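Asker: Supplied structure: final_27.tsv, TSV, C-alpha atoms.
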chain	number	residue	atom	x	y	z
A	16	MET	CA	0.00	0.00	0.00
A	17	LEU	CA	1.23	3.48	-0.88
A	18	GLU	CA	2.33	5.77	1.92
A	19	ARG	CA	-0.06	8.69	2.41
A	20	LEU	CA	1.42	12.07	3.33
A	21	GLU	CA	-1.00	14.75	4.45
A	22	PHE	CA	-0.50	18.50	4.54
A	23	TYR	CA	-2.65	21.53	5.16
A	24	ARG	CA	-1.42	24.17	7.60
A	25	GLN	CA	1.81	25.90	6.67
A	26	GLU	CA	3.33	25.22	10.11
A	27	ASP	CA	2.73	21.44	9.82
A	28	VAL	CA	5.13	18.85	8.40
A	29	LEU	CA	5.06	19.42	4.63
A	30	GLY	CA	3.32	22.71	5.30
A	31	GLU	CA	5.45	24.18	2.51
A	32	PHE	CA	3.09	22.40	0.10
A	33	SER	CA	0.29	24.73	1.21
A	34	ASN	CA	-0.54	27.59	-1.12
A	35	PHE	CA	-0.42	29.83	1.95
A	36	SER	CA	3.26	29.08	2.59
A	37	SER	CA	5.57	32.09	2.45
A	38	HIS	CA	7.39	31.27	-0.76
A	39	PRO	CA	7.15	34.21	-3.17
A	40	ILE	CA	7.02	33.48	-6.87
A	41	GLU	CA	7.74	35.52	-9.94
A	42	LEU	CA	5.21	34.83	-12.65
A	43	ASP	CA	3.71	36.81	-15.52
A	44	GLY	CA	6.31	39.51	-14.93
A	45	GLN	CA	5.23	40.21	-11.36
A	46	LEU	CA	6.19	39.14	-7.85
A	47	TRP	CA	3.50	37.30	-5.89
A	48	ALA	CA	3.79	36.83	-2.11
A	49	THR	CA	2.35	33.30	-2.29
A	50	THR	CA	0.90	30.91	-4.83
A	51	GLU	CA	-2.48	31.66	-3.25
A	52	HIS	CA	-2.12	35.33	-4.22
A	53	TYR	CA	-1.34	34.35	-7.80
A	54	PHE	CA	-4.11	31.77	-8.05
A	55	GLN	CA	-6.82	34.03	-6.63
A	56	ALA	CA	-5.80	36.98	-8.82
A	57	GLN	CA	-6.08	34.87	-11.96
A	58	LYS	CA	-9.83	34.57	-11.37
A	59	PHE	CA	-10.15	38.02	-12.91
A	60	HIS	CA	-9.32	39.54	-16.27
A	61	ASP	CA	-9.59	43.08	-14.87
A	62	PRO	CA	-6.02	44.28	-14.12
A	63	GLU	CA	-7.22	46.42	-11.20
A	64	LEU	CA	-8.87	43.45	-9.49
A	65	ARG	CA	-5.81	41.28	-10.09
A	66	GLU	CA	-3.58	43.94	-8.58
A	67	ARG	CA	-5.86	44.32	-5.58
A	68	VAL	CA	-5.55	40.58	-4.90
A	69	ARG	CA	-1.79	40.58	-5.60
A	70	LEU	CA	-1.26	43.27	-2.96
A	71	ALA	CA	-3.45	41.63	-0.30
A	72	PRO	CA	-1.60	41.64	3.05
A	73	SER	CA	-1.92	37.86	3.54
A	74	PRO	CA	-2.81	34.74	1.58
A	75	GLY	CA	-6.00	34.49	3.63
A	76	GLN	CA	-7.00	37.99	2.54
A	77	ALA	CA	-6.14	37.14	-1.07
A	78	ALA	CA	-8.39	34.08	-0.84
A	79	LYS	CA	-11.25	36.13	0.62
A	80	LEU	CA	-10.93	38.69	-2.16
A	81	GLY	CA	-10.85	35.95	-4.78
A	82	ARG	CA	-14.10	34.54	-3.44
A	83	ARG	CA	-15.91	37.83	-2.90
A	84	LEU	CA	-15.00	40.21	-5.70
A	85	ALA	CA	-17.42	40.49	-8.61
A	86	GLY	CA	-16.15	39.93	-12.13
A	87	LEU	CA	-15.03	36.29	-12.13
A	88	ARG	CA	-13.75	35.33	-15.57
A	89	ALA	CA	-16.20	33.21	-17.55
A	90	ASP	CA	-13.71	30.42	-18.27
A	91	TRP	CA	-12.49	30.02	-14.69
A	92	GLU	CA	-13.76	26.47	-14.21
A	93	GLN	CA	-11.97	25.40	-17.40
A	94	VAL	CA	-8.62	27.02	-16.57
A	95	LYS	CA	-8.29	26.88	-12.78
A	96	GLU	CA	-6.25	23.67	-12.69
A	97	SER	CA	-3.79	24.87	-15.32
A	98	VAL	CA	-3.45	28.15	-13.38
A	99	MET	CA	-2.73	26.19	-10.21
A	100	LEU	CA	-0.18	24.03	-12.01
A	101	ASP	CA	1.56	27.14	-13.38
A	102	ALA	CA	1.78	28.52	-9.84
A	103	LEU	CA	3.14	25.24	-8.46
A	104	ARG	CA	5.72	24.95	-11.24
A	105	ALA	CA	6.90	28.48	-10.41
A	106	LYS	CA	7.02	27.81	-6.67
A	107	PHE	CA	8.90	24.54	-6.84
A	108	GLY	CA	11.05	25.72	-9.74
A	109	GLN	CA	12.11	28.94	-8.02
A	110	HIS	CA	12.70	27.35	-4.59
A	111	PRO	CA	15.11	24.41	-5.06
A	112	ARG	CA	14.75	23.30	-1.43
A	113	LEU	CA	11.04	22.82	-2.02
A	114	ALA	CA	11.71	20.81	-5.17
A	115	ARG	CA	14.02	18.54	-3.15
A	116	LEU	CA	11.36	18.23	-0.45
A	117	LEU	CA	8.76	17.25	-3.04
A	118	LEU	CA	11.09	14.72	-4.66
A	119	GLY	CA	11.87	13.36	-1.21
A	120	THR	CA	8.27	12.23	-0.82
A	121	GLY	CA	9.09	9.32	-3.14
A	122	ASP	CA	5.97	7.64	-4.42
A	123	ALA	CA	3.77	8.64	-1.50
A	124	GLU	CA	0.25	9.81	-2.12
A	125	LEU	CA	0.13	13.53	-1.33
A	126	VAL	CA	-3.12	14.67	0.24
A	127	GLU	CA	-4.27	18.11	1.26
A	128	HIS	CA	-6.24	17.05	4.31
A	129	THR	CA	-9.02	19.36	5.45
A	130	ARG	CA	-12.77	19.34	5.67
A	131	ASN	CA	-12.75	22.97	4.47
A	132	ASP	CA	-12.35	21.97	0.81
A	133	SER	CA	-13.60	19.01	-1.17
A	134	TYR	CA	-12.18	20.09	-4.53
A	135	TRP	CA	-8.53	20.95	-3.86
A	136	ALA	CA	-8.41	18.83	-0.68
A	137	ASP	CA	-9.82	15.52	0.55
A	138	GLY	CA	-12.85	17.01	2.30
A	139	GLY	CA	-11.45	15.76	5.62
A	140	ASP	CA	-12.92	12.30	5.18
A	141	GLY	CA	-11.38	11.24	1.88
A	142	SER	CA	-14.48	12.05	-0.18
A	143	GLY	CA	-12.89	15.14	-1.77
A	144	ARG	CA	-11.06	15.27	-5.09
A	145	ASN	CA	-7.65	16.28	-3.63
A	146	ARG	CA	-6.74	18.09	-6.83
A	147	LEU	CA	-3.89	20.01	-5.17
A	148	GLY	CA	-2.33	16.73	-4.06
A	149	VAL	CA	-2.81	15.26	-7.52
A	150	LEU	CA	-1.16	18.27	-9.18
A	151	LEU	CA	1.75	18.08	-6.74
A	152	MET	CA	2.23	14.41	-7.61
A	153	GLN	CA	2.14	15.33	-11.31
A	154	LEU	CA	4.76	18.02	-10.69
A	155	ARG	CA	6.88	15.53	-8.72
A	156	ALA	CA	6.86	13.21	-11.75
A	157	GLU	CA	7.85	16.14	-14.01
A	158	LEU	CA	10.74	17.03	-11.69
A	159	ARG	CA	11.95	13.42	-11.69
A	160	THR	CA	11.93	13.34	-15.49
A	161	ARG	CA	13.80	16.63	-15.61
A	162	ASP	CA	16.46	15.38	-13.20
A	163	GLU	CA	17.08	12.10	-15.06
Go ahead and render the structure in this file as C-alpha coordinates.
Answerer:
Amino acid sequence: MLERLEFYRQEDVLGEFSNFSSHPIELDGQLWATTEHYFQAQKFHDPELRERVRLAPSPGQAAKLGRRLAGLRADWEQVKESVMLDALRAKFGQHPRLARLLLGTGDAELVEHTRNDSYWADGGDGSGRNRLGVLLMQLRAELRTRDE
(Lines of atoms letter the chains of each structure in order from A and count residues from 1; the text may use other names and numbers.)
(Lines give C-alpha, C1' and ligand atoms only; values in the text may rest on other atoms or scores of the structure.)
Protein backbone atom coordinates (compact mmCIF):
# COMPACT_ATOMS: atom_id res chain seq x y z
CA MET A 1 0.00 0.00 0.00
CA LEU A 2 1.23 3.48 -0.88
CA GLU A 3 2.33 5.77 1.92
CA ARG A 4 -0.06 8.69 2.41
CA LEU A 5 1.42 12.07 3.33
CA GLU A 6 -1.00 14.75 4.45
CA PHE A 7 -0.50 18.50 4.54
CA TYR A 8 -2.65 21.53 5.16
CA ARG A 9 -1.42 24.17 7.60
CA GLN A 10 1.81 25.90 6.67
CA GLU A 11 3.33 25.22 10.11
CA ASP A 12 2.73 21.44 9.82
CA VAL A 13 5.13 18.85 8.40
CA LEU A 14 5.06 19.42 4.63
CA GLY A 15 3.32 22.71 5.30
CA GLU A 16 5.45 24.18 2.51
CA PHE A 17 3.09 22.40 0.10
CA SER A 18 0.29 24.73 1.21
CA ASN A 19 -0.54 27.59 -1.12
CA PHE A 20 -0.42 29.83 1.95
CA SER A 21 3.26 29.08 2.59
CA SER A 22 5.57 32.09 2.45
CA HIS A 23 7.39 31.27 -0.76
CA PRO A 24 7.15 34.21 -3.17
CA ILE A 25 7.02 33.48 -6.87
CA GLU A 26 7.74 35.52 -9.94
CA LEU A 27 5.21 34.83 -12.65
CA ASP A 28 3.71 36.81 -15.52
CA GLY A 29 6.31 39.51 -14.93
CA GLN A 30 5.23 40.21 -11.36
CA LEU A 31 6.19 39.14 -7.85
CA TRP A 32 3.50 37.30 -5.89
CA ALA A 33 3.79 36.83 -2.11
CA THR A 34 2.35 33.30 -2.29
CA THR A 35 0.90 30.91 -4.83
CA GLU A 36 -2.48 31.66 -3.25
CA HIS A 37 -2.12 35.33 -4.22
CA TYR A 38 -1.34 34.35 -7.80
CA PHE A 39 -4.11 31.77 -8.05
CA GLN A 40 -6.82 34.03 -6.63
CA ALA A 41 -5.80 36.98 -8.82
CA GLN A 42 -6.08 34.87 -11.96
CA LYS A 43 -9.83 34.57 -11.37
CA PHE A 44 -10.15 38.02 -12.91
CA HIS A 45 -9.32 39.54 -16.27
CA ASP A 46 -9.59 43.08 -14.87
CA PRO A 47 -6.02 44.28 -14.12
CA GLU A 48 -7.22 46.42 -11.20
CA LEU A 49 -8.87 43.45 -9.49
CA ARG A 50 -5.81 41.28 -10.09
CA GLU A 51 -3.58 43.94 -8.58
CA ARG A 52 -5.86 44.32 -5.58
CA VAL A 53 -5.55 40.58 -4.90
CA ARG A 54 -1.79 40.58 -5.60
CA LEU A 55 -1.26 43.27 -2.96
CA ALA A 56 -3.45 41.63 -0.30
CA PRO A 57 -1.60 41.64 3.05
CA SER A 58 -1.92 37.86 3.54
CA PRO A 59 -2.81 34.74 1.58
CA GLY A 60 -6.00 34.49 3.63
CA GLN A 61 -7.00 37.99 2.54
CA ALA A 62 -6.14 37.14 -1.07
CA ALA A 63 -8.39 34.08 -0.84
CA LYS A 64 -11.25 36.13 0.62
CA LEU A 65 -10.93 38.69 -2.16
CA GLY A 66 -10.85 35.95 -4.78
CA ARG A 67 -14.10 34.54 -3.44
CA ARG A 68 -15.91 37.83 -2.90
CA LEU A 69 -15.00 40.21 -5.70
CA ALA A 70 -17.42 40.49 -8.61
CA GLY A 71 -16.15 39.93 -12.13
CA LEU A 72 -15.03 36.29 -12.13
CA ARG A 73 -13.75 35.33 -15.57
CA ALA A 74 -16.20 33.21 -17.55
CA ASP A 75 -13.71 30.42 -18.27
CA TRP A 76 -12.49 30.02 -14.69
CA GLU A 77 -13.76 26.47 -14.21
CA GLN A 78 -11.97 25.40 -17.40
CA VAL A 79 -8.62 27.02 -16.57
CA LYS A 80 -8.29 26.88 -12.78
CA GLU A 81 -6.25 23.67 -12.69
CA SER A 82 -3.79 24.87 -15.32
CA VAL A 83 -3.45 28.15 -13.38
CA MET A 84 -2.73 26.19 -10.21
CA LEU A 85 -0.18 24.03 -12.01
CA ASP A 86 1.56 27.14 -13.38
CA ALA A 87 1.78 28.52 -9.84
CA LEU A 88 3.14 25.24 -8.46
CA ARG A 89 5.72 24.95 -11.24
CA ALA A 90 6.90 28.48 -10.41
CA LYS A 91 7.02 27.81 -6.67
CA PHE A 92 8.90 24.54 -6.84
CA GLY A 93 11.05 25.72 -9.74
CA GLN A 94 12.11 28.94 -8.02
CA HIS A 95 12.70 27.35 -4.59
CA PRO A 96 15.11 24.41 -5.06
CA ARG A 97 14.75 23.30 -1.43
CA LEU A 98 11.04 22.82 -2.02
CA ALA A 99 11.71 20.81 -5.17
CA ARG A 100 14.02 18.54 -3.15
CA LEU A 101 11.36 18.23 -0.45
CA LEU A 102 8.76 17.25 -3.04
CA LEU A 103 11.09 14.72 -4.66
CA GLY A 104 11.87 13.36 -1.21
CA THR A 105 8.27 12.23 -0.82
CA GLY A 106 9.09 9.32 -3.14
CA ASP A 107 5.97 7.64 -4.42
CA ALA A 108 3.77 8.64 -1.50
CA GLU A 109 0.25 9.81 -2.12
CA LEU A 110 0.13 13.53 -1.33
CA VAL A 111 -3.12 14.67 0.24
CA GLU A 112 -4.27 18.11 1.26
CA HIS A 113 -6.24 17.05 4.31
CA THR A 114 -9.02 19.36 5.45
CA ARG A 115 -12.77 19.34 5.67
CA ASN A 116 -12.75 22.97 4.47
CA ASP A 117 -12.35 21.97 0.81
CA SER A 118 -13.60 19.01 -1.17
CA TYR A 119 -12.18 20.09 -4.53
CA TRP A 120 -8.53 20.95 -3.86
CA ALA A 121 -8.41 18.83 -0.68
CA ASP A 122 -9.82 15.52 0.55
CA GLY A 123 -12.85 17.01 2.30
CA GLY A 124 -11.45 15.76 5.62
CA ASP A 125 -12.92 12.30 5.18
CA GLY A 126 -11.38 11.24 1.88
CA SER A 127 -14.48 12.05 -0.18
CA GLY A 128 -12.89 15.14 -1.77
CA ARG A 129 -11.06 15.27 -5.09
CA ASN A 130 -7.65 16.28 -3.63
CA ARG A 131 -6.74 18.09 -6.83
CA LEU A 132 -3.89 20.01 -5.17
CA GLY A 133 -2.33 16.73 -4.06
CA VAL A 134 -2.81 15.26 -7.52
CA LEU A 135 -1.16 18.27 -9.18
CA LEU A 136 1.75 18.08 -6.74
CA MET A 137 2.23 14.41 -7.61
CA GLN A 138 2.14 15.33 -11.31
CA LEU A 139 4.76 18.02 -10.69
CA ARG A 140 6.88 15.53 -8.72
CA ALA A 141 6.86 13.21 -11.75
CA GLU A 142 7.85 16.14 -14.01
CA LEU A 143 10.74 17.03 -11.69
CA ARG A 144 11.95 13.42 -11.69
CA THR A 145 11.93 13.34 -15.49
CA ARG A 146 13.80 16.63 -15.61
CA ASP A 147 16.46 15.38 -13.20
CA GLU A 148 17.08 12.10 -15.06
Asker: Hey, can you check how far CA of Ala56 in chain A sits from CA of Tyr134 in chain A?
Answerer: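 The value is 18.6 Å.
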Asker: Rank A:Leu17, A:Ala123, A:Gly108, A:Asn145 by their smallest atom-to-atom distance to His38 in chain A, using all atoms listed in the file, and report the top residue only.
Answerer: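 Distance minimum relative to His38 in chain A lands on A:Gly108.
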Asker: Report, in Å with one decimal, the straight-line distance from CA of Leu103 in chain A to CA of Arg161 in chain A.
Answerer: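 Atom-to-atom, CA of Leu103 in chain A to CA of Arg161 in chain A, that is 15.5 Å.
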Asker: To one decimal place in Å, what is the distance between CA of Gly138 in chain A and CA of Arg155 in chain A?
Answerer: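 Result for CA of Gly138 in chain A versus CA of Arg155 in chain A: 22.6 Å, one decimal.
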Asker: Measuring between all atoms listed in the file, which one of A:Pro74, A:Gly81, A:Gly44, A:Pro62 shows the shortest distance to Gln25 in chain A?
Answerer: A:Pro74
Asker: Residues within 12 Å of Thr50 in chain A, please, as a VMD selection string. Count all atoms listed in the file; anything in the same chain fewer than 2 positions from it doesn't count.
Answerer: chain A and resid 31 to 42 46 to 48 52 to 57 68 to 69 73 to 75 77 to 78 98 to 107 109 147
Asker: Counting only C-alpha atoms, figure out which residue out of A:Arg65, A:Arg115, A:Lys79, A:Arg24 gets nearest to Arg159 in chain A.
Answerer: A:Arg115
Asker: Do you know which residues are at most 7 Å from Glu124 in chain A counting only C-alpha atoms, after dropping those on the same chain fewer than 4 positions away, and could you put them as an NGL selection string?
Answerer: :A and (17-20)
Asker: Find the residues around Trp91 in chain A up to 9 Å (all atoms listed in the file counted), leave out those fewer than 2 positions away in its own chain, and share them as a PyMOL selection string.
Answerer: chain A and resi 57-59+87-89+93-95
Asker: Set the distance at 10 Å and use only C-alpha atoms: which residues neighbour Ser133 in chain A once local chain neighbours fewer than 4 positions away are removed? I'd like the list as a list in words.
Answerer: Glu127, His128, Thr129, Asp137, Gly138, Gly139, Asp140, Gly141, Ser142, Gly143, Arg144, Asn145 and Arg146 of chain A
Asker: Measuring atom to atom with only C-alpha atoms, identify which of A:Gln153, A:Thr49, A:Gln76, A:Thr120 is nearest to Glu96 in chain A.
Answerer: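 Nearest candidate to Glu96 in chain A out of A:Gln153, A:Thr49, A:Gln76, A:Thr120: A:Gln153.
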